[in-house]
$ cat structure.txt   # compact mmCIF, C-alpha atoms
# COMPACT_ATOMS: atom_id res chain seq x y z
CA MET D 1 -60.28 -212.63 -56.81
CA LYS D 2 -62.92 -212.34 -54.11
CA LYS D 3 -66.14 -210.41 -54.72
CA SER D 4 -66.78 -207.26 -52.73
CA LYS D 5 -70.21 -205.83 -51.95
CA TYR D 6 -70.02 -202.60 -53.96
CA ILE D 7 -68.62 -201.16 -57.18
CA TRP D 8 -68.56 -197.42 -57.87
CA PHE D 9 -70.34 -197.04 -61.23
CA ASN D 10 -70.88 -193.64 -62.86
CA GLY D 11 -71.05 -191.81 -59.55
CA LYS D 12 -73.03 -194.33 -57.50
CA PHE D 13 -72.24 -197.31 -55.30
CA VAL D 14 -74.01 -200.31 -56.79
CA ASN D 15 -74.16 -203.96 -55.83
CA TRP D 16 -71.33 -205.99 -57.39
CA ASP D 17 -73.67 -208.19 -59.45
CA LYS D 18 -75.68 -205.21 -60.70
CA ALA D 19 -72.69 -203.33 -62.08
CA THR D 20 -73.49 -204.21 -65.69
CA THR D 21 -73.29 -202.51 -69.07
CA HIS D 22 -74.89 -202.89 -72.49
CA VAL D 23 -73.64 -205.68 -74.76
CA LEU D 24 -73.22 -203.17 -77.59
CA SER D 25 -70.82 -200.97 -75.65
CA HIS D 26 -68.07 -199.70 -77.92
CA GLY D 27 -65.41 -200.65 -75.36
CA LEU D 28 -66.55 -204.28 -75.41
CA HIS D 29 -66.32 -204.52 -79.20
CA TYR D 30 -63.18 -202.50 -79.86
CA GLY D 31 -61.27 -202.28 -76.59
CA SER D 32 -61.86 -198.52 -76.39
CA GLY D 33 -61.22 -198.10 -72.70
CA ILE D 34 -58.48 -197.27 -70.24
CA PHE D 35 -57.70 -198.72 -66.84
CA GLU D 36 -55.39 -198.65 -63.83
CA GLY D 37 -54.27 -201.10 -61.20
CA ILE D 38 -53.80 -199.82 -57.65
CA ARG D 39 -53.20 -201.63 -54.36
CA ALA D 40 -53.95 -200.97 -50.71
CA TYR D 41 -51.94 -202.60 -47.94
CA SER D 42 -52.34 -203.03 -44.20
CA ASN D 43 -49.45 -203.23 -41.76
CA LYS D 44 -48.74 -204.79 -38.38
CA ASN D 45 -50.49 -201.87 -36.68
CA LYS D 46 -53.62 -202.73 -38.68
CA ASP D 47 -53.46 -199.40 -40.49
CA SER D 48 -54.32 -199.57 -44.17
CA TYR D 49 -53.01 -197.36 -46.98
CA ILE D 50 -53.62 -196.93 -50.69
CA PHE D 51 -50.24 -196.81 -52.40
CA ARG D 52 -49.50 -193.93 -54.78
CA LEU D 53 -53.15 -193.09 -55.36
CA LYS D 54 -52.51 -189.74 -57.05
CA ASP D 55 -49.74 -191.12 -59.27
CA HIS D 56 -52.04 -193.84 -60.56
CA TYR D 57 -54.79 -191.35 -61.33
CA ASP D 58 -52.29 -189.01 -62.98
CA ARG D 59 -51.51 -191.88 -65.35
CA PHE D 60 -55.22 -192.68 -65.73
CA TYR D 61 -55.89 -189.14 -66.93
CA ASN D 62 -52.83 -189.25 -69.20
CA SER D 63 -54.22 -192.47 -70.71
CA ALA D 64 -57.54 -190.69 -71.26
CA LYS D 65 -55.77 -187.83 -73.03
CA VAL D 66 -53.84 -190.16 -75.31
CA SER D 67 -57.01 -192.16 -76.04
CA LEU D 68 -59.26 -189.15 -76.72
CA ILE D 69 -61.54 -190.25 -73.89
CA LYS D 70 -63.05 -187.26 -72.11
CA LEU D 71 -63.57 -188.30 -68.51
CA PRO D 72 -66.78 -186.91 -67.00
CA TYR D 73 -65.33 -186.65 -63.48
CA SER D 74 -62.47 -184.67 -61.98
CA GLN D 75 -59.38 -186.47 -60.75
CA LYS D 76 -60.10 -185.41 -57.18
CA LYS D 77 -63.59 -186.90 -57.47
CA LEU D 78 -62.23 -190.29 -58.57
CA GLU D 79 -59.51 -190.29 -55.94
CA GLN D 80 -62.08 -189.65 -53.20
CA ALA D 81 -64.47 -192.20 -54.69
CA THR D 82 -61.67 -194.77 -54.48
CA ILE D 83 -61.08 -194.07 -50.80
CA ASP D 84 -64.81 -194.17 -50.09
CA LEU D 85 -65.22 -197.45 -51.98
CA VAL D 86 -62.47 -199.22 -50.05
CA ARG D 87 -64.00 -198.00 -46.79
CA LYS D 88 -67.53 -198.97 -47.81
CA ASN D 89 -66.37 -202.47 -48.72
CA LYS D 90 -64.51 -202.68 -45.38
CA LEU D 91 -61.31 -203.72 -47.14
CA LYS D 92 -57.78 -203.58 -45.78
CA ASP D 93 -55.53 -205.33 -48.31
CA CYS D 94 -57.02 -205.06 -51.76
CA TYR D 95 -56.56 -204.49 -55.46
CA ILE D 96 -58.31 -201.50 -57.02
CA ARG D 97 -59.34 -201.31 -60.68
CA PRO D 98 -60.50 -197.99 -62.16
CA LEU D 99 -61.83 -198.34 -65.71
CA ALA D 100 -63.29 -195.90 -68.20
CA PHE D 101 -64.84 -197.20 -71.40
CA ILE D 102 -66.94 -195.96 -74.29
CA GLY D 103 -70.54 -197.11 -74.02
CA ASP D 104 -73.25 -198.01 -76.50
CA GLY D 105 -74.66 -195.84 -79.28
CA SER D 106 -72.61 -195.82 -82.45
CA ILE D 107 -71.47 -199.35 -83.29
CA GLY D 108 -68.91 -198.30 -85.90
CA ILE D 109 -65.19 -197.82 -85.35
CA ASN D 110 -65.80 -194.12 -84.71
CA PRO D 111 -67.62 -193.95 -81.35
CA GLY D 112 -69.09 -190.54 -82.04
CA ASN D 113 -70.78 -189.14 -78.94
CA ASN D 114 -71.21 -192.41 -77.09
CA LYS D 115 -71.30 -192.01 -73.31
CA ILE D 116 -68.10 -192.48 -71.33
CA ASN D 117 -68.66 -194.87 -68.43
CA VAL D 118 -66.39 -194.91 -65.38
CA ILE D 119 -66.20 -197.65 -62.78
CA ILE D 120 -63.98 -198.36 -59.78
CA ALA D 121 -63.81 -201.85 -58.31
CA ALA D 122 -61.94 -202.87 -55.14
CA PHE D 123 -61.53 -206.47 -54.04
CA GLU D 124 -59.23 -208.95 -52.36
CA TRP D 125 -56.69 -210.38 -54.80
CA GLY D 126 -53.31 -211.90 -54.11
CA THR D 127 -50.15 -211.14 -56.02
CA TYR D 128 -50.51 -211.66 -59.77
CA LEU D 129 -47.89 -214.40 -60.11
CA GLY D 130 -48.67 -216.16 -56.83
CA LYS D 131 -47.15 -216.41 -53.35
CA SER D 132 -44.77 -219.15 -54.47
CA GLY D 133 -43.56 -216.92 -57.30
CA ILE D 134 -42.83 -214.09 -54.86
CA SER D 135 -40.94 -216.44 -52.55
CA ASN D 136 -39.17 -218.79 -54.93
CA GLY D 137 -39.27 -217.11 -58.33
CA ILE D 138 -41.16 -218.02 -61.49
CA ARG D 139 -40.46 -219.88 -64.72
CA ALA D 140 -40.72 -217.65 -67.79
CA LYS D 141 -40.73 -218.20 -71.55
CA ILE D 142 -39.77 -215.88 -74.38
CA SER D 143 -43.03 -215.44 -76.25
CA SER D 144 -43.58 -216.08 -79.94
CA PHE D 145 -45.69 -212.91 -79.86
CA ALA D 146 -43.65 -209.70 -80.13
CA ARG D 147 -44.63 -206.59 -78.20
CA MET D 148 -46.43 -204.22 -80.56
CA GLY D 149 -44.29 -201.30 -81.74
CA VAL D 150 -44.69 -197.66 -80.76
CA ASN D 151 -46.38 -196.83 -84.06
CA SER D 152 -48.91 -199.61 -83.51
CA PHE D 153 -49.95 -198.82 -79.96
CA MET D 154 -49.36 -196.17 -77.34
CA THR D 155 -46.81 -197.19 -74.72
CA LYS D 156 -47.58 -194.42 -72.22
CA SER D 157 -51.20 -195.37 -71.69
CA LYS D 158 -53.06 -198.38 -70.33
CA ILE D 159 -55.52 -198.80 -73.18
CA SER D 160 -57.72 -201.86 -72.74
CA GLY D 161 -57.52 -203.09 -76.33
CA ASN D 162 -53.72 -203.08 -76.34
CA TYR D 163 -53.66 -205.87 -73.80
CA ILE D 164 -54.87 -208.52 -76.24
CA ASN D 165 -51.20 -208.73 -77.20
CA SER D 166 -50.43 -209.70 -73.59
CA VAL D 167 -53.39 -212.09 -73.44
CA PHE D 168 -52.04 -214.07 -76.42
CA ALA D 169 -48.55 -214.22 -74.91
CA LYS D 170 -49.76 -215.15 -71.43
CA ARG D 171 -52.05 -217.94 -72.60
CA GLU D 172 -49.32 -219.40 -74.77
CA ALA D 173 -46.88 -219.44 -71.83
CA ILE D 174 -49.40 -221.04 -69.48
CA GLN D 175 -50.33 -223.72 -72.02
CA LEU D 176 -46.65 -224.58 -72.39
CA GLY D 177 -46.25 -224.99 -68.64
CA TYR D 178 -44.62 -221.67 -67.70
CA ASP D 179 -45.75 -218.98 -65.28
CA GLU D 180 -45.20 -215.92 -67.44
CA ALA D 181 -44.26 -214.76 -70.93
CA LEU D 182 -41.45 -212.35 -71.69
CA MET D 183 -41.87 -210.34 -74.87
CA LEU D 184 -39.38 -209.01 -77.38
CA ASP D 185 -39.67 -205.68 -79.19
CA ASN D 186 -39.72 -205.35 -82.97
CA ASP D 187 -35.91 -205.33 -83.05
CA GLY D 188 -35.61 -208.51 -81.03
CA TYR D 189 -34.57 -206.97 -77.71
CA ILE D 190 -36.24 -207.80 -74.39
CA SER D 191 -39.26 -205.54 -73.87
CA GLU D 192 -41.29 -206.58 -70.81
CA GLY D 193 -43.58 -209.22 -69.36
CA THR D 194 -47.29 -209.41 -70.14
CA GLY D 195 -48.00 -206.84 -67.44
CA GLU D 196 -44.68 -206.09 -65.78
CA ASN D 197 -41.42 -204.24 -66.33
CA ILE D 198 -38.31 -206.43 -66.37
CA TYR D 199 -34.82 -206.11 -64.88
CA ILE D 200 -31.59 -208.07 -65.04
CA VAL D 201 -28.74 -207.92 -62.54
CA ARG D 202 -25.15 -208.56 -63.61
CA ASN D 203 -22.12 -207.89 -61.43
CA GLY D 204 -24.14 -205.77 -59.03
CA LEU D 205 -25.60 -203.55 -61.79
CA ILE D 206 -29.31 -203.44 -62.61
CA LYS D 207 -30.35 -203.00 -66.22
CA THR D 208 -33.91 -202.38 -67.44
CA THR D 209 -35.61 -201.62 -70.74
CA PRO D 210 -35.89 -197.88 -71.57
CA ILE D 211 -39.40 -196.43 -71.41
CA THR D 212 -39.41 -195.66 -75.14
CA THR D 213 -41.08 -199.02 -75.78
CA VAL D 214 -42.68 -199.91 -72.44
CA LEU D 215 -45.12 -198.50 -69.91
CA GLU D 216 -43.79 -196.01 -67.36
CA GLY D 217 -44.41 -198.33 -64.45
CA ILE D 218 -45.17 -196.78 -61.07
CA THR D 219 -43.62 -199.79 -59.35
CA ARG D 220 -40.70 -199.34 -61.75
CA ASP D 221 -40.21 -195.87 -60.29
CA CYS D 222 -40.15 -197.45 -56.82
CA VAL D 223 -37.36 -199.79 -57.96
CA PHE D 224 -35.35 -196.79 -59.15
CA ASN D 225 -35.83 -195.11 -55.78
CA VAL D 226 -34.67 -198.17 -53.83
CA ALA D 227 -31.63 -198.54 -56.08
CA SER D 228 -30.73 -194.89 -55.48
CA ASP D 229 -31.18 -195.25 -51.72
CA TYR D 230 -28.68 -198.12 -51.66
CA GLY D 231 -26.22 -196.73 -54.18
CA ILE D 232 -27.00 -199.44 -56.75
CA THR D 233 -26.48 -198.37 -60.34
CA ILE D 234 -29.52 -198.88 -62.54
CA LYS D 235 -29.22 -198.35 -66.29
CA GLU D 236 -31.99 -197.96 -68.84
CA GLN D 237 -30.55 -199.93 -71.72
CA ARG D 238 -31.75 -202.49 -74.22
CA PHE D 239 -30.56 -206.05 -73.72
CA THR D 240 -30.84 -209.29 -75.64
CA ARG D 241 -32.34 -212.61 -74.66
CA ASP D 242 -28.90 -214.22 -74.26
CA GLU D 243 -27.90 -211.48 -71.81
CA LEU D 244 -31.07 -212.39 -69.94
CA TYR D 245 -29.96 -216.04 -69.89
CA ILE D 246 -26.57 -215.23 -68.34
CA ALA D 247 -27.84 -212.67 -65.82
CA ASP D 248 -27.08 -213.21 -62.14
CA GLU D 249 -30.65 -212.22 -61.25
CA VAL D 250 -33.88 -211.39 -63.10
CA PHE D 251 -36.99 -209.86 -61.61
CA LEU D 252 -40.26 -208.25 -62.65
CA SER D 253 -42.19 -205.33 -61.19
CA GLY D 254 -45.78 -204.15 -61.38
CA THR D 255 -48.66 -203.18 -59.15
CA ALA D 256 -50.31 -206.58 -59.60
CA ALA D 257 -47.07 -208.62 -59.64
CA GLU D 258 -45.29 -206.45 -57.04
CA ILE D 259 -41.61 -207.55 -57.11
CA THR D 260 -41.46 -211.07 -58.54
CA PRO D 261 -38.15 -212.94 -59.03
CA VAL D 262 -37.56 -215.03 -62.16
CA ARG D 263 -35.69 -218.24 -61.46
CA GLU D 264 -35.73 -219.72 -64.96
CA VAL D 265 -36.04 -218.46 -68.54
CA ASP D 266 -36.52 -220.82 -71.50
CA ASP D 267 -35.50 -223.79 -69.33
CA ARG D 268 -32.25 -222.05 -68.40
CA LYS D 269 -31.62 -221.49 -64.70
CA VAL D 270 -31.12 -217.83 -63.78
CA GLY D 271 -28.06 -217.46 -61.54
CA LYS D 272 -28.38 -220.04 -58.77
CA GLY D 273 -31.99 -220.75 -59.64
CA LYS D 274 -33.41 -218.78 -56.73
CA PRO D 275 -34.07 -215.11 -55.89
CA GLY D 276 -30.81 -213.18 -55.59
CA LYS D 277 -29.51 -210.69 -53.05
CA ILE D 278 -30.49 -207.53 -54.93
CA THR D 279 -33.93 -208.89 -55.81
CA ARG D 280 -34.57 -209.67 -52.14
CA LEU D 281 -33.44 -206.19 -51.16
CA ILE D 282 -35.81 -204.58 -53.66
CA GLN D 283 -38.64 -206.83 -52.44
CA ASP D 284 -38.04 -205.97 -48.79
CA GLU D 285 -37.78 -202.24 -49.38
CA TYR D 286 -40.87 -202.22 -51.56
CA SER D 287 -42.77 -203.93 -48.73
CA ASN D 288 -41.50 -201.26 -46.35
CA MET D 289 -42.72 -198.53 -48.69
CA VAL D 290 -46.26 -199.82 -49.10
CA LYS D 291 -46.72 -200.64 -45.40
CA ALA D 292 -45.54 -197.29 -44.03
CA SER D 293 -42.28 -198.69 -42.61
CA ASN D 294 -40.07 -196.20 -44.45
CA ASN D 295 -40.64 -192.58 -43.44
CA LYS D 296 -39.10 -191.29 -46.66
CA TYR D 297 -42.03 -192.63 -48.66
CA LEU D 298 -44.97 -191.80 -46.42
CA LYS D 299 -45.86 -189.13 -49.01
CA TRP D 300 -46.97 -191.93 -51.33
CA LEU D 301 -49.53 -193.33 -48.88
CA THR D 302 -53.19 -192.43 -48.49
CA LYS D 303 -54.61 -193.70 -45.22
CA ILE D 304 -57.97 -195.41 -45.49
$ encode --input "structure.txt" --output "structure tokens"
Amino acid sequence: MKKSKYIWFNGKFVNWDKATTHVLSHGLHYGSGIFEGIRAYSNKNKDSYIFRLKDHYDRFYNSAKVSLIKLPYSQKKLEQATIDLVRKNKLKDCYIRPLAFIGDGSIGINPGNNKINVIIAAFEWGTYLGKSGISNGIRAKISSFARMGVNSFMTKSKISGNYINSVFAKREAIQLGYDEALMLDNDGYISEGTGENIYIVRNGLIKTTPITTVLEGITRDCVFNVASDYGITIKEQRFTRDELYIADEVFLSGTAAEITPVREVDDRKVGKGKPGKITRLIQDEYSNMVKASNNKYLKWLTKI
């Protein structure tokens, strides 16, 4: 991550190093916040676009609703602030992080009338799992930490505190020498990565976890669109870890991770041990979407 000059903080553009909050903020102590991850991309014509800006803020406001966080700004205001921030920081390719969190005041579990703070940051940041991961695939490990169940956390919202589950799983995987953790649900079926939806390919068919237990990924929706465009069947169906082991291809999707192939799971080579044909197709078409090379999806782009 590379620092930018400005962060949008409660309606104002402030210097990156001055975008601070009180140490007794409720969100810091209890994870009472919500966030989004958005990307902007430039293309060969040097035009730059924010990808699916409205869709991300739709989900941001849905997260606020689920979390009982009353946002003090309209969605249109935050969307425009995001565009203005990217322009003000003179960014082309960047990652964008909106965050709303409960501030200081009441220190108990119940935040009472504590102020809701809203920030938007935009900065240069490469793909979450690295360029080599995008090109060659990553090594993944089934985590010893299960994904929290639907009665323990809300799967349709990006609530900050929920991600401690992913932090534990990710750190364990890294310490054991892997690139990413894959998490099981409470019934022992494959759920998702620490911040990505997961897919397996067998005999030309894509299978992915139903959204009952995972986040409704915006990149996930892109995968569904590409599959439809090419007549590839994609099924939302639970699958086990041994079906993952014998898959022809495995890949992950997410705004931060983009489309990342998995070449190995639990020291078992996936397929031929390199990104497969369908994974490469999804990668290429996703790149076309975000860089305005597919006219069908220009509706998802906001020019900077």
$ atom_distance --input "structure.txt" --atom1 "atom CA of D:Lys299" --atom2 "atom CA of D:Gly217"
18.0 Å
$ residues_around --input "structure.txt" --residues "D:Asp242" --least-positions-apart "4" --cutoff "12 Å" --atoms "all atoms listed in the file" --output "VMD selection string"
chain D and resid 142 188 to 190 200 246 to 247 265 to 266 268 270
$ residues_around --input "structure.txt" --residues "D:Phe13" --least-positions-apart "4" --cutoff "12 Å" --atoms "only C-alpha atoms" --output "list in words"
Ser4, Lys5, Tyr6, Ile7, Trp8, Phe9, Asp17, Lys18, Ala19, Ala81, Thr82, Asp84, Leu85, Val86, Arg87, Lys88, Asn89, Val118, Ile119, Ile120, Ala121 and Ala122 of chain D
$ residues_around --input "structure.txt" --residues "stretch 51-56 of chain D" --least-positions-apart "5" --cutoff "8 Å" --atoms "all atoms listed in the file" --output "PDB file with C-alpha atoms, keeping the file's coordinate frame"
ATOM      1  CA  GLU D  36     -55.390-198.650 -63.830  1.00  0.00           C
ATOM      2  CA  GLY D  37     -54.270-201.100 -61.200  1.00  0.00           C
ATOM      3  CA  ILE D  38     -53.800-199.820 -57.650  1.00  0.00           C
ATOM      4  CA  ARG D  39     -53.200-201.630 -54.360  1.00  0.00           C
ATOM      5  CA  ALA D  40     -53.950-200.970 -50.710  1.00  0.00           C
ATOM      6  CA  TYR D  41     -51.940-202.600 -47.940  1.00  0.00           C
ATOM      7  CA  GLU D  79     -59.510-190.290 -55.940  1.00  0.00           C
ATOM      8  CA  ILE D 218     -45.170-196.780 -61.070  1.00  0.00           C
ATOM      9  CA  VAL D 290     -46.260-199.820 -49.100  1.00  0.00           C
ATOM     10  CA  TRP D 300     -46.970-191.930 -51.330  1.00  0.00           C
ATOM     11  CA  LEU D 301     -49.530-193.330 -48.880  1.00  0.00           C
ATOM     12  CA  THR D 302     -53.190-192.430 -48.490  1.00  0.00           C
TER      13      THR D 302
END
$ closest_residue --input "structure.txt" --among "D:Ile234, D:Val201, D:Leu129, D:Leu71" --to "D:Lys115" --atoms "all atoms listed in the file"
D:Leu71
$ atom_distance --input "structure.txt" --atom1 "atom CA of D:Val214" --atom2 "atom CA of D:Arg147"
9.0 Å
$ atom_distance --input "structure.txt" --atom1 "atom CA of D:Glu264" --atom2 "atom CA of D:Arg238"
20.0 Å
$ closest_residue --input "structure.txt" --among "D:Phe101, D:Tyr178, D:Tyr95, D:Phe168" --to "D:Glu258" --atoms "all atoms listed in the file"
D:Tyr95
$ closest_atom_pairs --input "structure.txt" --of "stretch 227-264 of chain D" --to "stretch 275-286 of chain D" --cutoff "7 Å" --atoms "all atoms listed in the file" --output "Markdown table"
| residue | atom | partner | partner_atom | distance |
| --- | --- | --- | --- | --- |
| D:Glu249 | CA | D:Gly276 | CA | 5.7 |
| D:Phe251 | CA | D:Thr279 | CA | 6.6 |
| D:Ile259 | CA | D:Gln283 | CA | 5.6 |
| D:Pro261 | CA | D:Pro275 | CA | 5.6 |
| D:Arg263 | CA | D:Pro275 | CA | 6.6 |
$ residues_around --input "structure.txt" --residues "D:Thr208" --least-positions-apart "2" --cutoff "7 Å" --atoms "only C-alpha atoms" --output "list in words"
Ile198, Tyr199, Ile200, Ile206, Pro210, Lys235, Glu236 and Gln237 of chain D
$ residues_around --input "structure.txt" --residues "D:Lys156" --least-positions-apart "3" --cutoff "9 Å" --atoms "all atoms listed in the file" --output "list in words"
Arg59, Asn62, Ser63, Val66, Ile211, Thr212, Thr213, Val214, Leu215 and Glu216 of chain D
$ axis_aligned_box --input "structure.txt" --around "stretch 46-52 of chain D" --padding-each-side "6 Å" --output "AutoDock Vina command-line options"
--center_x -51.9 --center_y -198.3 --center_z -46.7 --size_x 16.8 --size_y 20.8 --size_z 28.1
$ residues_near_point --input "structure.txt" --point "(-60.5, -210.8, -52.3)" --cutoff "9 Å" --atoms "only C-alpha atoms" --output "list in words"
Met1, Lys2, Lys3, Ser4, Leu91, Asp93, Cys94, Tyr95, Ala122, Phe123, Glu124, Trp125 and Gly126 of chain D
$ closest_residue --input "structure.txt" --among "D:Thr233, D:Ser160, D:Ser48, D:Ser253" --to "D:Gly195" --atoms "only C-alpha atoms"
D:Ser253
$ closest_residue --input "structure.txt" --among "D:Lys65, D:Asn15, D:Gln175, D:Asp185" --to "D:Ser152" --atoms "all atoms listed in the file"
D:Asp185
$ closest_residue --input "structure.txt" --among "D:Asn288, D:Tyr73, D:Asn113, D:Ala256" --to "D:Thr127" --atoms "all atoms listed in the file"
D:Ala256
$ closest_residue --input "structure.txt" --among "D:Lys92, D:Leu298, D:Ala292, D:Tyr57" --to "D:Gln80" --atoms "all atoms listed in the file"
D:Tyr57
$ residues_near_point --input "structure.txt" --point "(-40.0, -221.3, -66.2)" --cutoff "12 Å" --atoms "only C-alpha atoms" --output "PyMOL selection string"
chain D and resi 133+136-142+173-174+176-182+245+261-270+273-274
$ decode --input "structure.txt" --residues "stretch 135-168 of chain D" --atoms "C-alpha atoms" --output "PDB file, in the first residue's frame"
ATOM      1  CA  SER D 135      -0.194 -15.473 -12.939  1.00  0.00           C
ATOM      2  CA  ASN D 136       0.742 -18.839 -11.479  1.00  0.00           C
ATOM      3  CA  GLY D 137      -1.835 -19.581  -8.793  1.00  0.00           C
ATOM      4  CA  ILE D 138      -1.508 -19.723  -5.020  1.00  0.00           C
ATOM      5  CA  ARG D 139      -1.007 -22.388  -2.368  1.00  0.00           C
ATOM      6  CA  ALA D 140      -3.945 -22.649   0.034  1.00  0.00           C
ATOM      7  CA  LYS D 141      -4.631 -24.462   3.307  1.00  0.00           C
ATOM      8  CA  ILE D 142      -7.892 -25.577   4.871  1.00  0.00           C
ATOM      9  CA  SER D 143      -8.032 -23.540   8.060  1.00  0.00           C
ATOM     10  CA  SER D 144      -8.467 -24.916  11.559  1.00  0.00           C
ATOM     11  CA  PHE D 145     -10.795 -21.940  12.097  1.00  0.00           C
ATOM     12  CA  ALA D 146     -14.337 -22.508  10.819  1.00  0.00           C
ATOM     13  CA  ARG D 147     -16.308 -19.693   9.228  1.00  0.00           C
ATOM     14  CA  MET D 148     -18.758 -18.329  11.789  1.00  0.00           C
ATOM     15  CA  GLY D 149     -22.343 -19.480  11.265  1.00  0.00           C
ATOM     16  CA  VAL D 150     -25.260 -17.343  10.111  1.00  0.00           C
ATOM     17  CA  ASN D 151     -26.615 -17.055  13.645  1.00  0.00           C
ATOM     18  CA  SER D 152     -23.250 -15.803  14.885  1.00  0.00           C
ATOM     19  CA  PHE D 153     -22.579 -13.126  12.290  1.00  0.00           C
ATOM     20  CA  MET D 154     -24.330 -11.485   9.377  1.00  0.00           C
ATOM     21  CA  THR D 155     -23.235 -12.841   6.011  1.00  0.00           C
ATOM     22  CA  LYS D 156     -24.779 -10.085   3.877  1.00  0.00           C
ATOM     23  CA  SER D 157     -22.802  -7.251   5.425  1.00  0.00           C
ATOM     24  CA  LYS D 158     -19.148  -6.293   5.662  1.00  0.00           C
ATOM     25  CA  ILE D 159     -19.019  -5.652   9.398  1.00  0.00           C
ATOM     26  CA  SER D 160     -15.514  -4.825  10.599  1.00  0.00           C
ATOM     27  CA  GLY D 161     -15.574  -7.001  13.718  1.00  0.00           C
ATOM     28  CA  ASN D 162     -16.577 -10.109  11.777  1.00  0.00           C
ATOM     29  CA  TYR D 163     -13.239 -10.129  10.007  1.00  0.00           C
ATOM     30  CA  ILE D 164     -11.276 -11.195  13.084  1.00  0.00           C
ATOM     31  CA  ASN D 165     -12.344 -14.699  12.049  1.00  0.00           C
ATOM     32  CA  SER D 166     -10.523 -14.151   8.743  1.00  0.00           C
ATOM     33  CA  VAL D 167      -7.526 -12.572  10.478  1.00  0.00           C
ATOM     34  CA  PHE D 168      -7.000 -15.701  12.601  1.00  0.00           C
TER      35      PHE D 168
END
